[in-house]
Structure formats: C-alpha cells, structure tokens
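Q: What follows is entry-v2.txt, compact mmCIF, C-alpha atoms.
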```txt
# COMPACT_ATOMS: atom_id res chain seq x y z
CA CYS A 1 0.00 0.00 0.00
CA HIS A 2 2.85 2.37 0.54
CA SER A 3 4.57 4.39 -2.14
CA SER A 4 6.62 7.57 -2.26
CA SER A 5 4.72 8.83 -5.30
CA LEU A 6 1.42 10.65 -5.40
CA PRO A 7 -1.67 8.43 -5.49
CA ALA A 8 -4.15 8.63 -8.34
CA ASP A 9 -6.61 10.55 -6.19
CA SER A 10 -4.22 13.41 -5.46
CA PRO A 11 -3.52 16.02 -8.13
CA SER A 12 -0.05 16.23 -9.60
CA PRO A 13 1.52 19.58 -10.48
CA ARG A 14 2.43 20.42 -14.03
CA ALA A 15 5.96 19.96 -15.35
CA GLY A 16 8.54 21.68 -13.18
CA ASP A 17 6.54 21.40 -9.96
CA ASP A 18 7.45 17.81 -8.99
CA ALA A 19 9.83 18.83 -6.18
CA ARG A 20 6.98 20.27 -4.16
CA CYS A 21 4.94 17.06 -4.05
CA THR A 22 7.31 14.27 -3.01
CA GLY A 23 8.56 12.77 0.20
CA TRP A 24 5.31 11.71 1.87
CA VAL A 25 3.63 8.33 2.12
CA PRO A 26 -0.11 8.16 1.35
CA PRO A 27 -2.33 6.13 3.67
CA CYS A 28 -3.97 2.92 2.52
CA PRO A 29 -7.46 3.65 1.15
CA PRO A 30 -10.30 2.30 3.29
CA ARG A 31 -12.07 -0.85 2.18
CA VAL A 32 -15.86 -0.67 2.31
CA ARG A 33 -17.67 -3.87 3.24
CA LEU A 34 -20.72 -4.73 1.15
CA ASN A 35 -23.36 -7.28 2.00
CA GLN A 36 -24.84 -8.68 -1.18
CA ASP A 37 -28.59 -9.19 -1.20
CA ALA A 38 -29.30 -12.48 -2.98
CA ARG A 39 -32.92 -11.47 -3.63
CA VAL A 40 -31.76 -8.37 -5.49
CA GLN A 41 -29.26 -10.43 -7.46
CA THR A 42 -31.86 -12.87 -8.74
CA SER A 43 -34.69 -10.39 -9.34
CA LEU A 44 -32.85 -7.86 -11.50
CA GLY A 45 -31.57 -10.06 -14.28
CA ASP A 46 -28.02 -10.84 -15.32
CA ARG A 47 -25.44 -8.24 -16.28
CA ILE A 48 -22.57 -10.18 -17.79
CA GLY A 49 -19.44 -9.62 -15.74
CA TYR A 50 -21.23 -7.82 -12.87
CA HIS A 51 -22.64 -9.13 -9.60
CA ILE A 52 -25.49 -6.98 -8.29
CA VAL A 53 -25.23 -5.88 -4.65
CA ARG A 54 -28.24 -3.62 -4.03
CA ARG A 55 -30.24 -0.67 -5.30
CA VAL A 56 -29.20 2.88 -4.42
CA ALA A 57 -30.79 6.27 -5.03
CA PRO A 58 -30.25 9.94 -4.08
CA PRO A 59 -29.24 11.24 -1.60
CA GLU A 60 -27.14 8.13 -0.93
CA SER A 61 -25.87 8.16 -4.50
CA PRO A 62 -25.70 10.83 -7.22
CA PHE A 63 -27.94 8.70 -9.43
CA ALA A 64 -30.52 5.97 -8.98
CA GLY A 65 -29.06 2.65 -9.99
CA LEU A 66 -27.47 -0.60 -8.90
CA LEU A 67 -24.28 -1.11 -6.96
CA ALA A 68 -22.40 -3.99 -8.56
CA ARG A 69 -19.05 -5.72 -8.34
CA ASP A 70 -17.14 -6.97 -11.34
CA ASP A 71 -14.99 -10.10 -11.41
CA THR A 72 -11.97 -8.16 -10.14
CA GLY A 73 -13.82 -7.00 -7.01
CA THR A 74 -14.21 -3.40 -8.14
CA THR A 75 -17.48 -1.79 -7.05
CA SER A 76 -19.27 0.36 -9.64
CA LEU A 77 -22.65 2.01 -10.09
CA LEU A 78 -24.87 0.85 -12.97
CA VAL A 79 -27.19 3.65 -14.06
CA GLY A 80 -29.93 3.62 -16.68
CA VAL A 81 -29.52 6.13 -19.50
CA GLY A 82 -32.32 8.68 -19.65
CA GLU A 83 -34.27 7.15 -16.76
CA PRO A 84 -35.66 9.23 -13.87
CA LEU A 85 -32.71 10.11 -11.61
CA GLY A 86 -30.51 8.32 -14.14
CA TRP A 87 -27.66 9.32 -16.44
CA PRO A 88 -28.59 12.43 -18.51
CA THR A 89 -29.39 11.54 -22.10
CA GLY A 90 -26.82 12.99 -24.48
CA ALA A 91 -24.38 14.00 -21.72
CA SER A 92 -20.91 14.48 -23.20
CA TRP A 93 -18.15 15.21 -20.72
CA GLY A 94 -14.95 14.16 -22.45
CA ASP A 95 -12.14 12.52 -20.52
CA GLY A 96 -11.53 15.04 -17.76
CA GLU A 97 -9.42 13.75 -14.90
CA HIS A 98 -12.00 14.79 -12.31
CA MET A 99 -15.18 14.45 -14.35
CA LEU A 100 -17.51 11.54 -13.67
CA VAL A 101 -17.61 9.76 -17.02
CA PRO A 102 -18.88 6.28 -17.93
CA LEU A 103 -16.31 3.51 -17.73
CA ASP A 104 -18.42 1.30 -19.97
CA VAL A 105 -21.91 0.85 -21.42
CA ILE A 106 -23.72 -2.45 -20.95
CA ALA A 107 -26.99 -3.91 -22.17
CA ALA A 108 -29.51 -4.42 -19.36
CA PRO A 109 -33.02 -5.94 -19.31
CA ALA A 110 -34.69 -2.51 -19.52
CA GLY A 111 -32.17 -0.76 -21.80
CA ASN A 112 -28.61 0.52 -21.79
CA GLU A 113 -26.80 1.28 -18.55
CA VAL A 114 -23.59 3.21 -18.00
CA VAL A 115 -20.97 1.89 -15.61
CA LEU A 116 -19.78 4.68 -13.30
CA PRO A 117 -17.23 4.93 -10.50
CA TRP A 118 -18.94 4.53 -7.13
CA CYS A 119 -19.36 7.99 -5.61
CA THR A 120 -20.24 7.71 -1.93
CA GLU A 121 -20.70 11.25 -0.61
CA PRO A 122 -21.09 14.88 -1.77
CA VAL A 123 -18.01 17.00 -1.07
CA GLU A 124 -20.04 19.46 0.99
CA ALA A 125 -21.42 16.63 3.16
CA PHE A 126 -17.88 15.35 3.72
CA LEU A 127 -16.72 18.84 4.72
CA GLU A 128 -19.63 19.14 7.14
CA ARG A 129 -18.73 15.80 8.76
CA ARG A 130 -15.16 16.98 9.14
CA ARG A 131 -16.39 20.16 10.79
CA LEU A 132 -18.73 18.34 13.18
CA SER A 133 -15.97 15.93 14.20
CA GLY A 134 -13.59 18.81 14.92
CA GLN A 135 -11.20 17.74 12.14
CA GLU A 136 -10.69 20.73 9.88
CA LEU A 137 -8.88 20.16 6.61
CA MET A 138 -5.10 20.14 6.79
CA ALA A 139 -3.34 22.38 4.27
CA GLY A 140 -2.44 19.49 1.96
CA GLU A 141 -5.99 18.17 1.94
CA ALA A 142 -7.37 21.61 1.11
CA VAL A 143 -4.88 21.91 -1.76
CA THR A 144 -5.91 18.49 -3.09
CA LEU A 145 -9.59 19.46 -3.12
CA GLY A 146 -8.95 22.96 -4.47
CA VAL A 147 -6.79 21.78 -7.38
CA CYS A 148 -9.29 19.05 -8.28
CA VAL A 149 -12.14 21.58 -8.35
CA ILE A 150 -10.10 23.97 -10.49
CA ARG A 151 -9.23 21.23 -12.97
CA GLY A 152 -12.79 19.95 -13.03
CA ALA A 153 -14.07 23.47 -13.62
CA ARG A 154 -11.65 23.86 -16.52
CA ASP A 155 -13.08 20.76 -18.16
CA ALA A 156 -16.73 21.39 -17.30
CA ILE A 157 -17.05 24.97 -18.51
CA GLY A 158 -15.52 24.18 -21.86
CA VAL A 159 -12.15 25.93 -21.50
CA GLU A 160 -10.51 22.78 -22.86
CA GLY A 161 -13.24 22.04 -25.36
CA ALA A 162 -15.72 20.06 -23.27
CA GLY A 163 -18.49 22.21 -24.70
CA CYS A 164 -21.09 21.64 -22.00
CA GLU A 165 -23.11 23.75 -19.64
CA GLY A 166 -21.09 22.80 -16.59
CA ASN A 167 -24.18 21.94 -14.54
CA GLY A 168 -23.56 19.46 -11.72
CA GLU A 169 -22.13 18.91 -8.26
CA TRP A 170 -18.99 17.61 -6.58
CA TRP A 171 -18.85 14.13 -5.01
CA LEU A 172 -16.15 11.88 -3.53
CA THR A 173 -15.44 8.28 -4.47
CA GLY A 174 -14.93 5.76 -1.67
CA ASP A 175 -11.16 6.28 -1.74
CA GLY A 176 -11.44 10.06 -1.58
CA GLN A 177 -11.15 11.11 -5.22
CA PRO A 178 -13.19 14.25 -6.05
CA MET A 179 -15.46 13.86 -9.07
CA PHE A 180 -17.68 16.41 -10.78
CA VAL A 181 -21.07 14.76 -11.40
CA PRO A 182 -23.02 16.07 -14.42
CA ARG A 183 -26.62 17.13 -14.17
CA ALA A 184 -29.01 17.73 -17.03
CA ALA A 185 -29.49 21.47 -17.58
CA THR A 186 -33.13 22.51 -17.16
CA GLU A 187 -32.65 25.72 -19.12
CA ALA A 188 -30.00 27.55 -21.11
CA ARG A 189 -27.39 28.85 -18.70
CA ALA A 190 -24.57 31.33 -19.19
CA MET A 191 -21.11 30.13 -18.29
CA HIS A 192 -20.72 32.74 -15.55
CA THR A 193 -23.78 31.17 -13.87
CA ALA A 194 -22.53 27.58 -14.20
CA ILE A 195 -19.15 28.48 -12.68
CA ALA A 196 -20.96 29.21 -9.41
CA VAL A 197 -21.12 25.42 -8.83
CA HIS A 198 -17.32 25.35 -8.58
CA THR A 199 -16.76 28.62 -6.76
CA ALA A 200 -19.33 27.60 -4.12
CA THR A 201 -17.33 24.40 -3.56
CA LEU A 202 -14.11 26.42 -3.25
CA ASP A 203 -15.80 28.60 -0.62
CA ALA A 204 -16.92 25.48 1.26
CA ILE A 205 -13.33 24.18 1.23
CA ALA A 206 -12.15 27.53 2.56
CA GLY A 207 -14.62 27.34 5.43
CA SER A 208 -13.32 23.88 6.38
CA ALA A 209 -9.59 24.67 6.26
CA ARG A 210 -7.59 24.68 9.49
CA ASP A 211 -4.99 27.11 8.15
CA ARG A 212 -6.35 30.66 7.92
CA GLY A 213 -3.91 31.49 5.12
CA ILE A 214 -5.31 28.62 3.04
CA GLU A 215 -8.83 29.80 3.84
CA GLN A 216 -8.11 33.34 2.61
CA LEU A 217 -6.36 32.08 -0.52
CA MET A 218 -9.24 29.73 -1.39
CA ARG A 219 -11.81 32.53 -1.04
CA SER A 220 -9.61 34.82 -3.14
CA ILE A 221 -9.37 32.14 -5.84
CA ALA A 222 -13.15 31.71 -5.91
CA ALA A 223 -13.60 35.46 -6.33
CA ARG A 224 -10.98 35.75 -9.08
CA VAL A 225 -12.43 32.85 -11.07
CA THR A 226 -15.86 34.46 -10.88
CA GLU A 227 -14.44 37.79 -12.04
CA ALA A 228 -12.69 36.12 -14.96
CA THR A 229 -15.91 34.53 -16.22
CA VAL A 230 -17.74 37.88 -16.36
CA SER A 231 -14.81 39.92 -17.70
CA CYS A 232 -15.98 39.44 -21.28
CA ASP A 233 -18.99 38.04 -23.13
CA ARG A 234 -18.41 34.42 -24.12
CA SER A 235 -21.09 34.53 -26.81
CA VAL A 236 -19.38 37.51 -28.49
CA ALA A 237 -15.72 36.51 -28.04
CA PRO A 238 -15.51 32.82 -27.11
CA GLY A 239 -11.79 32.58 -27.81
CA ARG A 240 -10.96 35.54 -25.61
CA TRP A 241 -13.29 34.27 -22.90
CA ALA A 242 -11.69 30.82 -22.91
CA ALA A 243 -8.17 32.30 -22.77
CA THR A 244 -9.10 34.63 -19.89
CA VAL A 245 -10.76 31.97 -17.76
CA GLY A 246 -8.09 29.39 -18.59
CA ALA A 247 -5.31 31.75 -17.53
CA ALA A 248 -7.12 32.53 -14.26
CA LEU A 249 -7.57 28.84 -13.47
CA ASP A 250 -3.93 28.02 -14.26
CA ALA A 251 -2.68 30.87 -12.07
CA CYS A 252 -4.91 29.75 -9.18
CA GLU A 253 -3.67 26.17 -9.46
CA ASP A 254 -0.05 27.37 -9.37
CA GLU A 255 -0.76 29.41 -6.24
CA LEU A 256 -2.23 26.42 -4.46
CA PHE A 257 0.76 24.20 -5.28
CA ALA A 258 3.11 26.95 -4.09
CA THR A 259 1.29 27.07 -0.74
CA SER A 260 1.43 23.38 0.21
CA SER A 261 2.01 19.93 -1.26
CA PRO A 262 -1.22 18.01 -1.88
CA ALA A 263 -2.18 15.18 0.48
CA PRO A 264 -4.87 12.47 0.37
CA LEU A 265 -8.13 13.17 2.15
CA GLU A 266 -8.55 11.55 5.55
CA MET A 267 -11.77 9.58 5.17
CA ARG A 268 -11.59 7.13 8.07
CA SER A 269 -11.56 8.91 11.45
CA LEU A 270 -14.94 10.56 11.17
CA ARG A 271 -18.28 10.26 12.86
CA PRO A 272 -20.81 8.00 11.11
CA ARG A 273 -22.89 9.56 8.37
CA VAL A 274 -26.38 10.70 9.28
CA ALA A 275 -28.97 8.42 7.69
```
Using structure tokens, write down the structure from this file.
A:
Amino acid sequence: CHSSSLPADSPSPRAGDDARCTGWVPPCPPRVRLNQDARVQTSLGDRIGYHIVRRVAPPESPFAGLLARDDTGTTSLLVGVGEPLGWPTGASWGDGEHMLVPLDVIAAPAGNEVVLPWCTEPVEAFLERRRLSGQELMAGEAVTLGVCVIRGARDAIGVEGAGCEGNGEWWLTGDGQPMFVPRAATEARAMHTAIAVHTATLDAIAGSARDRGIEQLMRSIAARVTEATVSCDRSVAPGRWAATVGAALDACEDELFATSSPAPLEMRSLRPRVA
C-alpha cells in the first residue's frame, strides 16, 4: 500500500513542480464492506461480468441505480440512460481527470446502462462531517480538493473544449477522489452562472480549512475565477473568454501548489454519516 509517489486521487503539479509534491507516504485507502442481497441479485436479471449488490438512489448516491461488483472486485454504479434520476441523455463530458464519465456501457433488461465509479458522498457533506468531528482540513488536503475543483471546472465549462453547460455537483469516491457529477441542464445557462457550482465548492473548502492562510487564498481564488468569467462576453468573443478563464484557473492552481504539497483526504476517522 505504501509508495513515495502521489496516489491517483491526489492532483499532480504540471511539469517543473514535482519537487513540491514528493517525500510523503499516502495512507492505505479504506475498504468498504458490502453485504450482497441475494434477492436483489436474482430479481434484477443478469449483467454479464457484474454481480449486483443492491439498489441505491439519491441522496445516498448521485444517481438511482445498482451497486455492482465486477470479477476483479471493483465496485461500480450501474445507471440507466435517460431514466428518472438516471444518467442524462446525451451528456458528453470528455475525458476530464476529475469528471464523472462512464467507464463502460452495458446492455440491461430494460435498456442501456452506463458503468460509473462509485461515488459515496457529496463533497459538501464530507466537509460538514469533518467540521462536526472537529477535524478541519489540513493544508495538503485543502490543496488536493482545491486543485481538483479547479481542474474539473476547466473541463466542465468548456475551457478545454468540453463544450457543455457545466451543470452538476462535486462528489467523492470511496477512496477520496473528487469527481464532478453532471446534471441535465433545465434551461439555457450562461457560463458565468454555471461556474458558481465550482466557486461555491471552493468557498466550502475555505470554510473547512484549518490554516487561515489557506482559507483566505481559497476565497480569493473563488472570487478571481468568478471575475474572470464575467470579464468578457463568451457569446461575443468565445476565444478571448476561454483564454481569460483558462489563464485565471492556471494561475490559481499554481498558487495552491506553491502554498502546500497536496495530500490524500482523511476519510476514516470521522463520525458515522447521518442516515
């Protein structure tokens, strides 16, 4: 379990920044015990290569679907495409590092299902549990979350060509990896409105940080990203808009890496979740 390199769930700096993020040993990710319900397994039909565990639905999960394990023991969420509380029809989110994207598409008895990473908790709920347990975010944890949100925002708002509305919310996987979960837009939304999803998460991270310097920096970053999105009209000058927002996001990411090395999120020593 131990390695001197950064784990997959912690962001890595861009070229030239490696010296700031080495020398620490990440903790082993927690293993979550699942009790398979045989009645669910037999009543829902076969999905080749997947063993059904149980049904889940919001707020326990970002989508309504089935928790399932594949033959390697990996737990995933199977979600119907276009179903109520299911995967948005026509959602296209590219291959962003911190975007929740389908790992596979399988044929199911009632239609196609996407195979998604298992997201266990909204970021804001995790931050609230940390606050209630008296365990504010350490500087490295705050940097990990902040950089992930910045990179996810870059993908979601189309700065790198994702071309989507950026509507959604932030969740954590069971091993603490932040993922931006897409939501179907109910109406046409300007990019400066969609960015509020990400800046609100940055503000929540700031409010949960133990270090007051990190808190101030995170709030400053949220404000600057918001200012960048309204500095010019995207519909009139999309190229200029993308360059302005992209530059702001890159500068904010650099500032976070200069403040502290990223560290994995502590997910284990917390009070139980409220049912």
Q: For CA of Gly86 (chain A) and CA of Ala200 (chain A), quote the distance in Å rounded to one decimal.
A: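 Computing it gives 24.4 Å between the two atoms.
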Q: Rounded to one decimal, what separation in Å do you get between CA of Thr72 (chain A) and CA of Ala57 (chain A)?
A: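 CA of Ala57 (chain A) lies 24.3 Å from CA of Thr72 (chain A).
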Q: Would you please work out which residue, of A:Ile205, A:Val197, A:Val79, A:Leu67, is nearest to Thr120 (chain A) when using all atoms listed in the file?
A: A:Leu67
Q: If you measure from CA of Val230 (chain A) to CA of Leu249 (chain A), what distance in Å do you get, rounded to one decimal?
A: 13.9 Å
Q: Counting only C-alpha atoms, which of A:Ser231, A:Leu66, A:Leu132, A:Val81 gets nearest to Gly111 (chain A)?
A: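 Of the candidates, the smallest distance to Gly111 (chain A) is held by A:Val81.
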Q: Name the closest residue to Gln177 (chain A) among the candidates A:Phe63, A:Trp87, A:Phe126, A:Phe257; distances are taken between atoms, counting all atoms listed in the file.
A: A:Phe126
Q: Using only C-alpha atoms, what residues lie at most 12 Å away from (-9.0, 27.2, -11.2) (file coordinates), given as a JSON list (two decimals) with C-alpha atoms, in the frame of the given file?
A:
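Generated output (out.json):
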```json
[["chain", "number", "residue", "atom", "x", "y", "z"],
["A", 143, "VAL", "CA", -4.88, 21.91, -1.76],
["A", 145, "LEU", "CA", -9.59, 19.46, -3.12],
["A", 146, "GLY", "CA", -8.95, 22.96, -4.47],
["A", 147, "VAL", "CA", -6.79, 21.78, -7.38],
["A", 148, "CYS", "CA", -9.29, 19.05, -8.28],
["A", 149, "VAL", "CA", -12.14, 21.58, -8.35],
["A", 150, "ILE", "CA", -10.10, 23.97, -10.49],
["A", 151, "ARG", "CA", -9.23, 21.23, -12.97],
["A", 152, "GLY", "CA", -12.79, 19.95, -13.03],
["A", 153, "ALA", "CA", -14.07, 23.47, -13.62],
["A", 154, "ARG", "CA", -11.65, 23.86, -16.52],
["A", 155, "ASP", "CA", -13.08, 20.76, -18.16],
["A", 156, "ALA", "CA", -16.73, 21.39, -17.30],
["A", 157, "ILE", "CA", -17.05, 24.97, -18.51],
["A", 159, "VAL", "CA", -12.15, 25.93, -21.50],
["A", 195, "ILE", "CA", -19.15, 28.48, -12.68],
["A", 198, "HIS", "CA", -17.32, 25.35, -8.58],
["A", 199, "THR", "CA", -16.76, 28.62, -6.76],
["A", 201, "THR", "CA", -17.33, 24.40, -3.56],
["A", 202, "LEU", "CA", -14.11, 26.42, -3.25],
["A", 218, "MET", "CA", -9.24, 29.73, -1.39],
["A", 219, "ARG", "CA", -11.81, 32.53, -1.04],
["A", 220, "SER", "CA", -9.61, 34.82, -3.14],
["A", 221, "ILE", "CA", -9.37, 32.14, -5.84],
["A", 222, "ALA", "CA", -13.15, 31.71, -5.91],
["A", 223, "ALA", "CA", -13.60, 35.46, -6.33],
["A", 224, "ARG", "CA", -10.98, 35.75, -9.08],
["A", 225, "VAL", "CA", -12.43, 32.85, -11.07],
["A", 226, "THR", "CA", -15.86, 34.46, -10.88],
["A", 227, "GLU", "CA", -14.44, 37.79, -12.04],
["A", 228, "ALA", "CA", -12.69, 36.12, -14.96],
["A", 229, "THR", "CA", -15.91, 34.53, -16.22],
["A", 244, "THR", "CA", -9.10, 34.63, -19.89],
["A", 245, "VAL", "CA", -10.76, 31.97, -17.76],
["A", 246, "GLY", "CA", -8.09, 29.39, -18.59],
["A", 247, "ALA", "CA", -5.31, 31.75, -17.53],
["A", 248, "ALA", "CA", -7.12, 32.53, -14.26],
["A", 249, "LEU", "CA", -7.57, 28.84, -13.47],
["A", 250, "ASP", "CA", -3.93, 28.02, -14.26],
["A", 251, "ALA", "CA", -2.68, 30.87, -12.07],
["A", 252, "CYS", "CA", -4.91, 29.75, -9.18],
["A", 253, "GLU", "CA", -3.67, 26.17, -9.46],
["A", 254, "ASP", "CA", -0.05, 27.37, -9.37],
["A", 255, "GLU", "CA", -0.76, 29.41, -6.24],
["A", 256, "LEU", "CA", -2.23, 26.42, -4.46],
["A", 257, "PHE", "CA", 0.76, 24.20, -5.28]]
```
Q: Distance table requested - region 211-230 of chain A against region 133-141 of chain A, cut-off 10 Å, all atoms listed in the file: one row per qualifying residue with the closest atom pair and its distance in Å to one decimal, ordered by chain and rising residue number, as a Markdown table.
A:
```
| residue | atom | partner | partner_atom | distance |
| --- | --- | --- | --- | --- |
| A:Asp211 | CA | A:Ala139 | CA | 6.3 |
| A:Arg212 | CA | A:Ala139 | CA | 9.5 |
| A:Gly213 | CA | A:Ala139 | CA | 9.2 |
| A:Ile214 | CA | A:Ala139 | CA | 6.7 |
| A:Glu215 | CA | A:Ala139 | CA | 9.2 |
```
Q: Would you list the residues near (-34.0, 9.7, -18.1), meaning any protein, DNA or RNA residue with an atom at most 12 Å from that point in file coordinates, counting all atoms listed in the file, as a ChimeraX atom specification?
A: /A:63-65,79-91,111-113,183-184
